[in-house]
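Text of upload.csv, listed as CSV, C-alpha atoms and all ligand atoms:
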```csv
chain,number,residue,atom,x,y,z
A,1,MET,CA,152.6,-136.7,-50.2
A,2,THR,CA,153.7,-134.3,-47.5
A,3,TYR,CA,152.8,-130.8,-46.6
A,4,THR,CA,156.5,-129.9,-46.7
A,5,LEU,CA,156.9,-131.0,-50.3
A,6,LYS,CA,158.1,-127.5,-51.2
A,7,MET,CA,161.1,-127.8,-48.9
A,8,GLN,CA,161.9,-131.4,-50.0
A,9,ASN,CA,161.3,-131.3,-53.7
A,10,GLU,CA,164.2,-129.8,-55.7
A,11,LYS,CA,162.1,-129.7,-58.8
A,12,VAL,CA,159.9,-126.7,-58.2
A,13,PRO,CA,156.8,-126.7,-60.3
A,14,LYS,CA,156.4,-123.9,-62.8
A,15,PHE,CA,153.3,-121.7,-62.5
A,16,LYS,CA,154.3,-118.4,-64.1
A,17,ASN,CA,151.6,-117.3,-66.5
A,18,LYS,CA,149.5,-120.4,-66.1
A,19,ASN,CA,145.7,-120.0,-65.7
A,20,PHE,CA,143.8,-121.2,-62.6
A,21,LEU,CA,140.5,-122.4,-64.1
A,22,THR,CA,139.9,-125.8,-62.5
A,23,LEU,CA,141.8,-128.0,-60.0
A,24,ASN,CA,141.9,-130.7,-62.6
A,25,ASP,CA,144.5,-128.6,-64.5
A,26,PHE,CA,147.0,-129.0,-61.8
A,27,SER,CA,149.1,-132.0,-60.6
A,28,THR,CA,149.1,-133.4,-57.1
A,29,GLU,CA,152.6,-131.9,-56.6
A,30,GLU,CA,151.4,-128.5,-57.9
A,31,ILE,CA,148.4,-128.4,-55.5
A,32,LEU,CA,150.6,-129.4,-52.5
A,33,TYR,CA,153.1,-126.8,-53.5
A,34,MET,CA,150.5,-124.1,-53.7
A,35,LEU,CA,149.2,-125.1,-50.2
A,36,ASP,CA,152.7,-125.0,-48.9
A,37,GLU,CA,153.2,-121.5,-50.3
A,38,ALA,CA,149.9,-120.5,-48.7
A,39,LYS,CA,151.0,-121.7,-45.4
A,40,GLU,CA,154.2,-119.8,-45.7
A,41,LEU,CA,152.5,-116.6,-46.7
A,42,LYS,CA,150.0,-117.0,-43.8
A,43,GLN,CA,152.9,-117.3,-41.4
A,44,MET,CA,154.6,-114.2,-42.8
A,45,GLN,CA,151.5,-112.2,-42.6
A,46,LYS,CA,150.8,-113.3,-39.0
A,47,ALA,CA,154.4,-112.5,-38.0
A,48,GLY,CA,154.1,-109.0,-39.6
A,49,LYS,CA,156.8,-109.8,-42.1
A,50,GLN,CA,156.8,-107.9,-45.3
A,51,HIS,CA,155.9,-110.0,-48.3
A,52,SER,CA,155.6,-107.6,-51.3
A,53,PHE,CA,156.1,-110.3,-54.0
A,54,LEU,CA,153.7,-108.5,-56.4
A,55,GLN,CA,154.9,-105.0,-56.0
A,56,GLY,CA,153.5,-102.8,-58.7
A,57,LYS,CA,151.3,-105.6,-60.1
A,58,VAL,CA,147.6,-105.1,-60.8
A,59,LEU,CA,144.8,-107.6,-60.7
A,60,GLY,CA,141.6,-106.9,-62.6
A,61,MET,CA,138.6,-108.5,-60.9
A,62,ILE,CA,135.5,-108.9,-63.0
A,63,PHE,CA,132.3,-109.8,-61.1
A,64,GLU,CA,129.1,-110.9,-62.9
A,65,LYS,CA,127.7,-112.3,-59.7
A,66,SER,CA,127.7,-111.0,-56.1
A,67,SER,CA,130.5,-111.7,-53.6
A,68,THR,CA,131.7,-110.9,-50.2
A,69,ARG,CA,134.6,-113.2,-49.5
A,70,THR,CA,136.0,-113.5,-53.0
A,71,ARG,CA,136.0,-109.8,-53.7
A,72,VAL,CA,137.5,-108.8,-50.3
A,73,SER,CA,140.1,-111.6,-50.0
A,74,PHE,CA,141.5,-111.0,-53.5
A,75,GLU,CA,141.6,-107.2,-53.0
A,76,VAL,CA,143.2,-107.5,-49.6
A,77,GLY,CA,145.5,-110.2,-50.8
A,78,MET,CA,146.9,-108.0,-53.6
A,79,LEU,CA,147.3,-105.1,-51.2
A,80,GLN,CA,149.3,-107.3,-48.8
A,81,LEU,CA,151.5,-108.6,-51.7
A,82,GLY,CA,152.4,-105.0,-52.5
A,83,GLY,CA,150.1,-104.7,-55.6
A,84,HIS,CA,146.7,-103.4,-56.4
A,85,ALA,CA,143.3,-104.8,-57.4
A,86,ILE,CA,140.6,-103.1,-59.5
A,87,PHE,CA,137.0,-104.1,-59.0
A,88,LEU,CA,135.2,-104.4,-62.3
A,89,SER,CA,131.4,-105.0,-62.0
A,90,SER,CA,129.9,-106.2,-65.2
A,91,ARG,CA,127.1,-103.7,-64.6
A,92,ASP,CA,129.6,-100.9,-65.1
A,93,ILE,CA,132.1,-102.2,-67.8
A,94,GLN,CA,131.3,-102.6,-71.5
A,95,LEU,CA,131.2,-106.4,-71.1
A,96,GLY,CA,127.8,-106.0,-69.6
A,97,ARG,CA,126.7,-104.0,-72.6
A,98,GLY,CA,127.7,-106.6,-75.1
A,99,GLU,CA,131.5,-106.0,-75.7
A,100,THR,CA,132.9,-109.5,-76.5
A,101,VAL,CA,134.8,-111.5,-74.0
A,102,GLY,CA,137.7,-111.8,-76.4
A,103,ASP,CA,138.0,-108.0,-76.8
A,104,THR,CA,137.7,-107.5,-73.1
A,105,ALA,CA,140.5,-110.0,-72.5
A,106,LYS,CA,142.8,-108.4,-75.1
A,107,VAL,CA,142.2,-104.9,-73.8
A,108,LEU,CA,142.6,-105.8,-70.1
A,109,SER,CA,145.8,-107.7,-70.9
A,110,ARG,CA,147.3,-104.4,-72.0
A,111,TYR,CA,146.7,-102.9,-68.5
A,112,VAL,CA,146.7,-105.5,-65.8
A,113,ASP,CA,149.0,-108.4,-64.8
A,114,GLY,CA,146.2,-110.9,-64.0
A,115,ILE,CA,142.4,-111.2,-64.3
A,116,MET,CA,140.1,-112.8,-61.7
A,117,ILE,CA,136.6,-113.4,-63.0
A,118,ARG,CA,133.4,-114.6,-61.3
A,119,THR,CA,130.9,-115.5,-64.0
A,120,PHE,CA,128.1,-117.9,-65.2
A,121,GLU,CA,129.0,-120.4,-68.0
A,122,HIS,CA,132.4,-122.1,-67.5
A,123,SER,CA,132.9,-121.7,-71.3
A,124,LYS,CA,133.1,-117.9,-70.8
A,125,ILE,CA,136.2,-118.1,-68.6
A,126,GLU,CA,137.8,-120.5,-71.1
A,127,GLU,CA,137.1,-118.0,-73.8
A,128,LEU,CA,138.6,-115.2,-71.7
A,129,ALA,CA,141.7,-117.4,-71.1
A,130,ASN,CA,142.0,-118.1,-74.8
A,131,HIS,CA,142.2,-114.4,-75.6
A,132,ALA,CA,144.1,-113.0,-72.7
A,133,ASP,CA,147.9,-112.6,-72.4
A,134,VAL,CA,147.9,-112.6,-68.6
A,135,PRO,CA,146.9,-115.3,-66.1
A,136,ILE,CA,143.1,-115.9,-65.6
A,137,ILE,CA,141.9,-116.9,-62.2
A,138,ASN,CA,138.5,-118.5,-61.6
A,139,GLY,CA,136.6,-116.7,-58.8
A,140,LEU,CA,133.6,-119.1,-59.4
A,141,THR,CA,131.7,-120.2,-62.5
A,142,ASP,CA,128.5,-122.3,-62.7
A,143,ASP,CA,130.7,-125.4,-62.8
A,144,HIS,CA,133.8,-124.7,-60.6
A,145,HIS,CA,135.0,-122.9,-57.5
A,146,PRO,CA,138.6,-123.9,-57.3
A,147,THR,CA,140.0,-121.1,-55.1
A,148,GLN,CA,137.4,-122.0,-52.5
A,149,VAL,CA,138.6,-125.6,-52.5
A,150,MET,CA,142.2,-124.6,-52.1
A,151,ALA,CA,141.1,-122.7,-49.0
A,152,ASP,CA,139.2,-125.8,-47.9
A,153,LEU,CA,142.2,-128.1,-48.4
A,154,LEU,CA,144.4,-125.7,-46.4
A,155,THR,CA,141.8,-125.6,-43.6
A,156,ILE,CA,141.5,-129.4,-43.4
A,157,LEU,CA,145.3,-129.7,-43.5
A,158,GLU,CA,145.7,-127.2,-40.6
A,159,HIS,CA,143.1,-129.0,-38.5
A,160,LYS,CA,143.9,-132.6,-39.4
A,161,GLY,CA,147.6,-132.4,-40.1
A,162,LYS,CA,147.2,-134.4,-43.3
A,163,LEU,CA,145.0,-134.8,-46.4
A,164,GLU,CA,145.8,-138.1,-47.9
A,165,GLY,CA,143.6,-140.9,-46.7
A,166,LEU,CA,140.9,-138.7,-45.2
A,167,LYS,CA,137.2,-139.2,-46.0
A,168,VAL,CA,135.3,-136.1,-47.1
A,169,CYS,CA,131.6,-136.1,-47.3
A,170,TYR,CA,129.8,-133.5,-49.4
A,171,VAL,CA,126.0,-133.4,-49.0
A,172,GLY,CA,123.9,-131.4,-51.4
A,173,ASP,CA,123.7,-130.1,-54.9
A,174,GLY,CA,126.1,-131.4,-57.5
A,175,ASN,CA,127.2,-127.9,-58.2
A,176,ASN,CA,130.4,-125.8,-58.6
A,177,MET,CA,131.5,-126.6,-55.1
A,178,ALA,CA,130.9,-130.3,-55.5
A,179,HIS,CA,132.9,-130.4,-58.7
A,180,SER,CA,135.9,-128.5,-57.4
A,181,LEU,CA,135.8,-130.6,-54.2
A,182,ILE,CA,135.8,-133.8,-56.2
A,183,GLU,CA,138.7,-132.7,-58.3
A,184,GLY,CA,140.7,-131.3,-55.4
A,185,ALA,CA,140.1,-134.3,-53.1
A,186,VAL,CA,141.2,-136.9,-55.6
A,187,LYS,CA,144.4,-134.9,-56.5
A,188,VAL,CA,145.5,-135.1,-52.8
A,189,GLY,CA,144.5,-138.8,-52.3
A,190,MET,CA,141.3,-138.2,-50.3
A,191,LYS,CA,138.2,-140.3,-50.5
A,192,ILE,CA,135.1,-138.2,-51.3
A,193,ALA,CA,131.5,-139.3,-51.0
A,194,VAL,CA,128.9,-137.0,-52.5
A,195,ALA,CA,125.2,-137.4,-51.6
A,196,SER,CA,122.8,-135.6,-53.8
A,197,PRO,CA,119.1,-136.0,-54.7
A,198,GLU,CA,118.1,-137.8,-57.9
A,199,GLY,CA,118.6,-135.4,-60.8
A,200,TYR,CA,121.0,-133.2,-58.9
A,201,ALA,CA,124.2,-135.3,-59.1
A,202,ALA,CA,127.6,-134.0,-60.0
A,203,ASN,CA,128.5,-133.8,-63.7
A,204,GLU,CA,129.3,-137.3,-65.0
A,205,MET,CA,132.3,-136.2,-67.1
A,206,ILE,CA,133.9,-134.5,-64.1
A,207,VAL,CA,133.2,-137.6,-61.9
A,208,GLN,CA,134.6,-140.0,-64.5
A,209,ARG,CA,137.8,-137.9,-65.0
A,210,ALA,CA,138.2,-137.7,-61.2
A,211,LYS,CA,137.8,-141.5,-60.8
A,212,LYS,CA,140.7,-142.0,-63.2
A,213,GLU,CA,142.8,-139.5,-61.2
A,214,ALA,CA,141.8,-141.3,-58.0
A,215,ALA,CA,143.2,-144.5,-59.3
A,216,LYS,CA,146.6,-142.9,-59.5
A,217,THR,CA,146.6,-141.1,-56.1
A,218,GLY,CA,144.8,-143.6,-53.9
A,219,GLY,CA,141.8,-141.4,-53.6
A,220,GLU,CA,138.2,-142.5,-54.3
A,221,VAL,CA,134.9,-140.9,-55.6
A,222,ILE,CA,131.6,-142.3,-54.4
A,223,LEU,CA,128.2,-140.9,-55.6
A,224,THR,CA,125.1,-141.8,-53.7
A,225,ASN,CA,121.6,-140.6,-52.9
A,226,ASP,CA,122.0,-141.5,-49.3
A,227,PRO,CA,123.4,-138.8,-47.0
A,228,ALA,CA,124.0,-141.2,-44.1
A,229,GLU,CA,126.1,-143.5,-46.3
A,230,ALA,CA,128.2,-140.5,-47.4
A,231,ALA,CA,128.6,-139.2,-43.9
A,232,SER,CA,129.5,-142.6,-42.4
A,233,ASP,CA,132.9,-142.5,-40.8
A,234,ALA,CA,133.7,-139.1,-42.5
A,235,ASP,CA,136.6,-136.9,-41.3
A,236,VAL,CA,135.0,-133.9,-42.9
A,237,ILE,CA,131.4,-132.9,-43.7
A,238,ILE,CA,130.8,-130.2,-46.3
A,239,THR,CA,127.7,-128.7,-47.7
A,240,ASP,CA,126.6,-125.7,-49.8
A,241,VAL,CA,123.5,-123.7,-50.6
A,242,TRP,CA,120.6,-125.6,-52.3
A,243,ALA,CA,120.1,-122.9,-54.9
A,244,SER,CA,123.2,-121.3,-56.3
A,245,MET,CA,123.5,-117.8,-57.8
A,246,GLY,CA,121.5,-117.8,-61.0
A,247,GLN,CA,119.1,-120.5,-59.7
A,248,GLU,CA,116.9,-118.1,-57.6
A,249,GLU,CA,113.8,-119.1,-59.5
A,250,GLU,CA,114.2,-122.8,-58.5
A,251,GLN,CA,114.6,-121.9,-54.8
A,252,GLN,CA,111.1,-123.0,-53.7
A,253,GLU,CA,111.2,-126.3,-55.6
A,254,ARG,CA,114.7,-127.1,-54.4
A,255,MET,CA,113.8,-126.4,-50.7
A,256,LYS,CA,111.4,-129.4,-50.9
A,257,ILE,CA,113.7,-131.7,-52.8
A,258,PHE,CA,116.8,-131.0,-50.7
A,259,THR,CA,115.1,-131.2,-47.2
A,260,PRO,CA,116.3,-134.8,-46.5
A,261,TYR,CA,119.9,-133.5,-47.3
A,262,GLN,CA,120.2,-131.1,-44.4
A,263,VAL,CA,123.4,-131.3,-42.4
A,264,ASN,CA,122.2,-131.7,-38.8
A,265,GLU,CA,123.1,-133.4,-35.6
A,266,LYS,CA,121.6,-136.7,-36.7
A,267,LEU,CA,123.5,-136.8,-40.0
A,268,CYS,CA,126.8,-135.8,-38.3
A,269,SER,CA,126.4,-138.6,-35.8
A,270,TYR,CA,127.4,-141.0,-38.6
A,271,ALA,CA,130.8,-139.2,-39.0
A,272,LYS,CA,134.0,-139.7,-36.9
A,273,LYS,CA,133.8,-138.2,-33.5
A,274,ASP,CA,136.4,-135.5,-34.4
A,275,TYR,CA,134.9,-134.6,-37.7
A,276,LEU,CA,135.2,-131.1,-39.2
A,277,PHE,CA,132.3,-129.1,-40.7
A,278,LEU,CA,133.0,-126.8,-43.6
A,279,HIS,CA,130.8,-124.5,-45.7
A,280,CYS,CA,132.1,-122.0,-48.3
A,281,LEU,CA,129.5,-119.5,-47.1
A,282,PRO,CA,127.1,-117.7,-47.4
A,283,ALA,CA,125.1,-120.2,-45.4
A,284,HIS,CA,121.3,-120.5,-44.8
A,285,ARG,CA,120.8,-121.7,-41.2
A,286,GLY,CA,117.8,-124.0,-41.0
A,287,GLU,CA,118.1,-125.0,-44.7
A,288,GLU,CA,121.2,-126.8,-45.9
A,289,VAL,CA,122.7,-126.8,-42.3
A,290,THR,CA,121.3,-126.3,-38.9
A,291,ALA,CA,122.6,-123.4,-36.6
A,292,GLU,CA,123.8,-126.1,-34.1
A,293,ILE,CA,126.2,-127.5,-36.7
A,294,LEU,CA,127.2,-124.3,-38.4
A,295,ASP,CA,127.9,-122.5,-35.1
A,296,GLY,CA,128.9,-125.7,-33.3
A,297,LYS,CA,132.3,-127.0,-32.1
A,298,HIS,CA,133.1,-129.0,-35.2
A,299,SER,CA,132.6,-126.0,-37.5
A,300,VAL,CA,135.7,-124.3,-38.9
A,301,VAL,CA,133.8,-122.1,-41.4
A,302,PHE,CA,135.5,-118.9,-40.4
A,303,ASP,CA,139.0,-120.4,-40.5
A,304,GLU,CA,138.0,-121.6,-44.0
A,305,ALA,CA,136.8,-118.1,-45.0
A,306,GLU,CA,140.1,-116.6,-43.7
A,307,ASN,CA,142.1,-119.1,-45.7
A,308,ARG,CA,140.6,-117.8,-48.9
A,309,LEU,CA,143.0,-114.9,-48.4
A,310,HIS,CA,146.1,-117.0,-47.8
A,311,ALA,CA,145.4,-119.6,-50.5
A,312,GLN,CA,144.7,-116.9,-53.1
A,313,LYS,CA,147.8,-115.0,-52.2
A,314,ALA,CA,149.8,-118.1,-53.0
A,315,ILE,CA,148.0,-118.6,-56.3
A,316,MET,CA,148.6,-115.0,-57.3
A,317,LYS,CA,152.2,-115.0,-56.2
A,318,LEU,CA,153.0,-118.1,-58.2
A,319,LEU,CA,151.0,-117.1,-61.4
A,320,MET,CA,151.7,-113.4,-61.5
A,321,GLY,CA,155.1,-113.1,-59.6
A,401,LIG,N1,132.5,-118.5,-50.6
A,401,LIG,C1,132.4,-117.5,-51.5
A,401,LIG,O1,132.9,-117.6,-52.6
A,401,LIG,O2,131.9,-116.4,-51.0
A,401,LIG,P1,131.4,-115.1,-51.8
A,401,LIG,O3,130.3,-115.4,-52.7
A,401,LIG,O4,131.0,-114.1,-50.7
A,401,LIG,O5,132.6,-114.6,-52.5
A,402,LIG,N1,127.3,-122.8,-55.0
A,402,LIG,C1,127.3,-121.4,-54.6
A,402,LIG,C2,128.6,-121.0,-54.0
A,402,LIG,C3,128.6,-119.6,-53.5
A,402,LIG,C4,130.0,-119.2,-53.0
A,402,LIG,C5,126.9,-120.5,-55.8
A,402,LIG,O1,127.4,-120.7,-56.9
A,402,LIG,O2,126.1,-119.6,-55.6
```

Encoding of this model in structure tokens:
Amino acid sequence: MTYTLKMQNEKVPKFKNKNFLTLNDFSTEEILYMLDEAKELKQMQKAGKQHSFLQGKVLGMIFEKSSTRTRVSFEVGMLQLGGHAIFLSSRDIQLGRGETVGDTAKVLSRYVDGIMIRTFEHSKIEELANHADVPIINGLTDDHHPTQVMADLLTILEHKGKLEGLKVCYVGDGNNMAHSLIEGAVKVGMKIAVASPEGYAANEMIVQRAKKEAAKTGGEVILTNDPAEAASDADVIITDVWASMGQEEEQQERMKIFTPYQVNEKLCSYAKKDYLFLHCLPAHRGEEVTAEILDGKHSVVFDEAENRLHAQKAIMKLLMG
């Protein structure tokens, strides 16, 4: 596996009109190709080179949950690619008043060239994809956050120069971030250790599927309740909020349960000396991560946030171009 696969591989993967629902849907080569594309688009943007690959194209963006990064990076990404994005809050469109997902998919497909959606149940995005004639991009569901993990992989690659063989430690809730990280890590041959409290582990089906994938790529998936074990010798430490969107009522209970899972100086002392710290943001300083770590010298969280833009531009160019 190399970062320059795109230049070396004569057989270019086909993305046109594919959906981007989970990282498990893509091969190792496809993921590396998308990262390579992202790197190229980032260079073009930094150099001020025109890259209007989606001129005249329109992305519909349905949001059923809040967002800063996802909304802005998709919208700016479309603009930089010469296209346009329409923000569709479920509070304002008929979907929020009971129009079916299927009808919404069919109608939007007559107007736009791609649909990004942030929603609750993962089954809803699958239903949308089943009824739409245009590519559907997952901007976060309760179970997956694949565009975030593409940005994470790009960030790790930029800082470490490679992905294969690295150890990633994820400490916290077995949530959408944990699932997409597990799927992404094994595809690129990384070892991922996930430490969660009892009862908050990652989904068993996703873990088993990832373990099979890991057997092919040289990756590995380890689940544990011990954060120190997961952090031991890690190249990258990642965490996420203890209560995700939609779990606000569990916030207080989760605060108690997750306290031993805070990413702090002590936990990070188990990692390699040159470890990176990532967090998809928004973060809660003093809860899942201390300010020392989030704002410290190992943290690359703002590079990571920027890379949402570049990774998503690559995804949109390949699916909608
Ligand atoms: N990381 C992320 O998805 O951020 P937003 O919720 O702000 O989009
Ligand atoms: N796990 C978090 C990620 C936010 C970007 C959530 O779903 O709220």

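The gap separating atom CA of His298 of chain A from atom CA of Val236 of chain A is 9.3 Å, in Å to one decimal.
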
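Between atom CA of Leu163 of chain A and atom CA of Glu220 of chain A lies a distance of 13.0 Å.
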
message: Need the shell around segment 132-139 of chain A: protein/DNA/RNA residues with any atom at most 8 Å away, counting only C-alpha atoms. Skip same-chain ones fewer than 6 positions apart. Format as a list of chain:residue names?
response: A:Asn17, A:Lys18, A:Asn19, A:Phe20, A:Leu21, A:Thr22, A:Thr70, A:Gly102, A:Ala105, A:Lys106, A:Leu108, A:Ser109, A:Val112, A:Asp113, A:Gly114, A:Ile115, A:Met116, A:Ile117, A:Arg118, A:Thr119, A:Ile125, A:His145, A:Pro146, A:Thr147, A:Leu319, A:Met320

query: When you draw a straight line from atom CA of Leu95 of chain A to atom CA of Ser244 of chain A, how long is it in Å?
result: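 The value is 22.5 Å.
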
query: If you count all atoms listed in the file, which residues end up within 8 Å of ligand LIG 402 (chain A), as a PyMOL selection string?
result: chain A and resi 67+140-142+145+148+175-177+240-246+280-282

Prev. selection, C-alpha atoms, output as a PDB file, in the frame of the given file:
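Generated file (selection-v7.pdb):
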```
ATOM      1  CA  SER A  67     130.500-111.700 -53.600  1.00  0.00           C
ATOM      2  CA  LEU A 140     133.600-119.100 -59.400  1.00  0.00           C
ATOM      3  CA  THR A 141     131.700-120.200 -62.500  1.00  0.00           C
ATOM      4  CA  ASP A 142     128.500-122.300 -62.700  1.00  0.00           C
ATOM      5  CA  HIS A 145     135.000-122.900 -57.500  1.00  0.00           C
ATOM      6  CA  GLN A 148     137.400-122.000 -52.500  1.00  0.00           C
ATOM      7  CA  ASN A 175     127.200-127.900 -58.200  1.00  0.00           C
ATOM      8  CA  ASN A 176     130.400-125.800 -58.600  1.00  0.00           C
ATOM      9  CA  MET A 177     131.500-126.600 -55.100  1.00  0.00           C
ATOM     10  CA  ASP A 240     126.600-125.700 -49.800  1.00  0.00           C
ATOM     11  CA  VAL A 241     123.500-123.700 -50.600  1.00  0.00           C
ATOM     12  CA  TRP A 242     120.600-125.600 -52.300  1.00  0.00           C
ATOM     13  CA  ALA A 243     120.100-122.900 -54.900  1.00  0.00           C
ATOM     14  CA  SER A 244     123.200-121.300 -56.300  1.00  0.00           C
ATOM     15  CA  MET A 245     123.500-117.800 -57.800  1.00  0.00           C
ATOM     16  CA  GLY A 246     121.500-117.800 -61.000  1.00  0.00           C
ATOM     17  CA  CYS A 280     132.100-122.000 -48.300  1.00  0.00           C
ATOM     18  CA  LEU A 281     129.500-119.500 -47.100  1.00  0.00           C
ATOM     19  CA  PRO A 282     127.100-117.700 -47.400  1.00  0.00           C
TER      20      PRO A 282
END
```

query: Can you tell me, as number ranges by chain, what residues are no more than 10 Å from Lys272 of chain A when counting all atoms listed in the file, ignoring any on the same chain fewer than 6 positions away?
result: A: 167, 231-237

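Closest approach to ligand LIG 401 (chain A) among A:Leu267, A:Val149, A:Asp92, A:Val12: A:Val149, based on only C-alpha atoms and all ligand atoms.
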
field: Exercise: Lys162 of chain A partners within 12 Å, only C-alpha atoms, chain neighbours under 3 positions left out, as a PyMOL selection string
entry: chain A and resi 1-4+32+35+153-159+165-167+188-190+235

Which polymer residues have any atom within 8 Å of an atom of Glu265 of chain A, counting all atoms listed in the file, with same-chain residues fewer than 2 positions away left out, as an mmCIF file with C-alpha atoms, in the frame of the given file?
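Final output, saved to around-v4.cif:
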```
data_model
loop_
_atom_site.group_PDB
_atom_site.id
_atom_site.type_symbol
_atom_site.label_atom_id
_atom_site.label_comp_id
_atom_site.auth_asym_id
_atom_site.auth_seq_id
_atom_site.Cartn_x
_atom_site.Cartn_y
_atom_site.Cartn_z
ATOM 1 C CA VAL A 263 123.400 -131.300 -42.400
ATOM 2 C CA LEU A 267 123.500 -136.800 -40.000
ATOM 3 C CA CYS A 268 126.800 -135.800 -38.300
ATOM 4 C CA SER A 269 126.400 -138.600 -35.800
ATOM 5 C CA GLU A 292 123.800 -126.100 -34.100
ATOM 6 C CA ILE A 293 126.200 -127.500 -36.700
#
```

message: Considering only C-alpha atoms and all ligand atoms, can you say which of A:Val168, A:Ile192, A:Ala151, A:Met44 comes closest to ligand LIG 401 (chain A)?
response: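 Result for the nearest residue to ligand LIG 401 (chain A): A:Ala151.
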
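Remark: for Phe120 of chain A, the closest of the candidate residues A:Tyr33, A:Phe63, A:Tyr275, A:Phe15 is A:Phe63 (distances computed over all atoms listed in the file).
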
Can you tell me, as a compact mmCIF listing (two decimals) with C-alpha atoms, in the coordinates of the input, what residues are no more than 10 Å from segment 213-216 of chain A when counting all atoms listed in the file, ignoring any on the same chain fewer than 4 positions away?
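Okay, result_36.txt is ready:
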```txt
# COMPACT_ATOMS: atom_id res chain seq x y z
CA ASN A 24 141.90 -130.70 -62.60
CA SER A 27 149.10 -132.00 -60.60
CA THR A 28 149.10 -133.40 -57.10
CA ILE A 182 135.80 -133.80 -56.20
CA GLU A 183 138.70 -132.70 -58.30
CA ALA A 185 140.10 -134.30 -53.10
CA VAL A 186 141.20 -136.90 -55.60
CA LYS A 187 144.40 -134.90 -56.50
CA VAL A 188 145.50 -135.10 -52.80
CA GLY A 189 144.50 -138.80 -52.30
CA MET A 190 141.30 -138.20 -50.30
CA LYS A 191 138.20 -140.30 -50.50
CA ILE A 192 135.10 -138.20 -51.30
CA VAL A 207 133.20 -137.60 -61.90
CA GLN A 208 134.60 -140.00 -64.50
CA ARG A 209 137.80 -137.90 -65.00
CA GLU A 220 138.20 -142.50 -54.30
CA VAL A 221 134.90 -140.90 -55.60
```

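Each of A:Gly174, A:Asn225, A:Gly218, A:His279 was checked against Ala195 of chain A using all atoms listed in the file; the smallest atom-to-atom distance is that of A:Asn225.
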
Got a sec to write segment 164-175 of chain A of the block to a file, N, CA and C atoms, as a PDB file, in the first residue's frame?
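Dumped to result13.pdb:
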```pdb
ATOM      1  N   GLU A 164      -0.248   2.105   7.021  1.00  0.00           N
ATOM      2  CA  GLU A 164      -0.061   0.675   7.251  1.00  0.00           C
ATOM      3  C   GLU A 164       0.917   0.427   8.401  1.00  0.00           C
ATOM      4  N   GLY A 165       0.516  -0.431   9.313  1.00  0.00           N
ATOM      5  CA  GLY A 165       1.406  -0.820  10.413  1.00  0.00           C
ATOM      6  C   GLY A 165       1.306   0.064  11.648  1.00  0.00           C
ATOM      7  N   LEU A 166       0.608   1.205  11.553  1.00  0.00           N
ATOM      8  CA  LEU A 166       0.488   2.080  12.726  1.00  0.00           C
ATOM      9  C   LEU A 166      -0.530   1.516  13.712  1.00  0.00           C
ATOM     10  N   LYS A 167      -0.341   1.856  14.992  1.00  0.00           N
ATOM     11  CA  LYS A 167      -1.339   1.476  15.998  1.00  0.00           C
ATOM     12  C   LYS A 167      -2.179   2.698  16.384  1.00  0.00           C
ATOM     13  N   VAL A 168      -3.486   2.563  16.199  1.00  0.00           N
ATOM     14  CA  VAL A 168      -4.428   3.614  16.577  1.00  0.00           C
ATOM     15  C   VAL A 168      -5.154   3.171  17.830  1.00  0.00           C
ATOM     16  N   CYS A 169      -5.269   4.076  18.796  1.00  0.00           N
ATOM     17  CA  CYS A 169      -6.009   3.781  20.020  1.00  0.00           C
ATOM     18  C   CYS A 169      -7.216   4.697  20.069  1.00  0.00           C
ATOM     19  N   TYR A 170      -8.398   4.116  20.200  1.00  0.00           N
ATOM     20  CA  TYR A 170      -9.613   4.918  20.382  1.00  0.00           C
ATOM     21  C   TYR A 170     -10.136   4.630  21.785  1.00  0.00           C
ATOM     22  N   VAL A 171     -10.298   5.686  22.567  1.00  0.00           N
ATOM     23  CA  VAL A 171     -10.783   5.527  23.939  1.00  0.00           C
ATOM     24  C   VAL A 171     -12.140   6.201  24.062  1.00  0.00           C
ATOM     25  N   GLY A 172     -13.144   5.449  24.460  1.00  0.00           N
ATOM     26  CA  GLY A 172     -14.454   6.062  24.673  1.00  0.00           C
ATOM     27  C   GLY A 172     -15.611   5.210  24.217  1.00  0.00           C
ATOM     28  N   ASP A 173     -16.670   5.905  23.851  1.00  0.00           N
ATOM     29  CA  ASP A 173     -17.924   5.244  23.495  1.00  0.00           C
ATOM     30  C   ASP A 173     -17.793   4.458  22.184  1.00  0.00           C
ATOM     31  N   GLY A 174     -18.382   3.281  22.139  1.00  0.00           N
ATOM     32  CA  GLY A 174     -18.387   2.474  20.911  1.00  0.00           C
ATOM     33  C   GLY A 174     -19.442   3.005  19.947  1.00  0.00           C
ATOM     34  N   ASN A 175     -19.246   4.247  19.498  1.00  0.00           N
ATOM     35  CA  ASN A 175     -20.272   4.971  18.738  1.00  0.00           C
ATOM     36  C   ASN A 175     -19.964   5.029  17.250  1.00  0.00           C
TER      37      ASN A 175
END
```
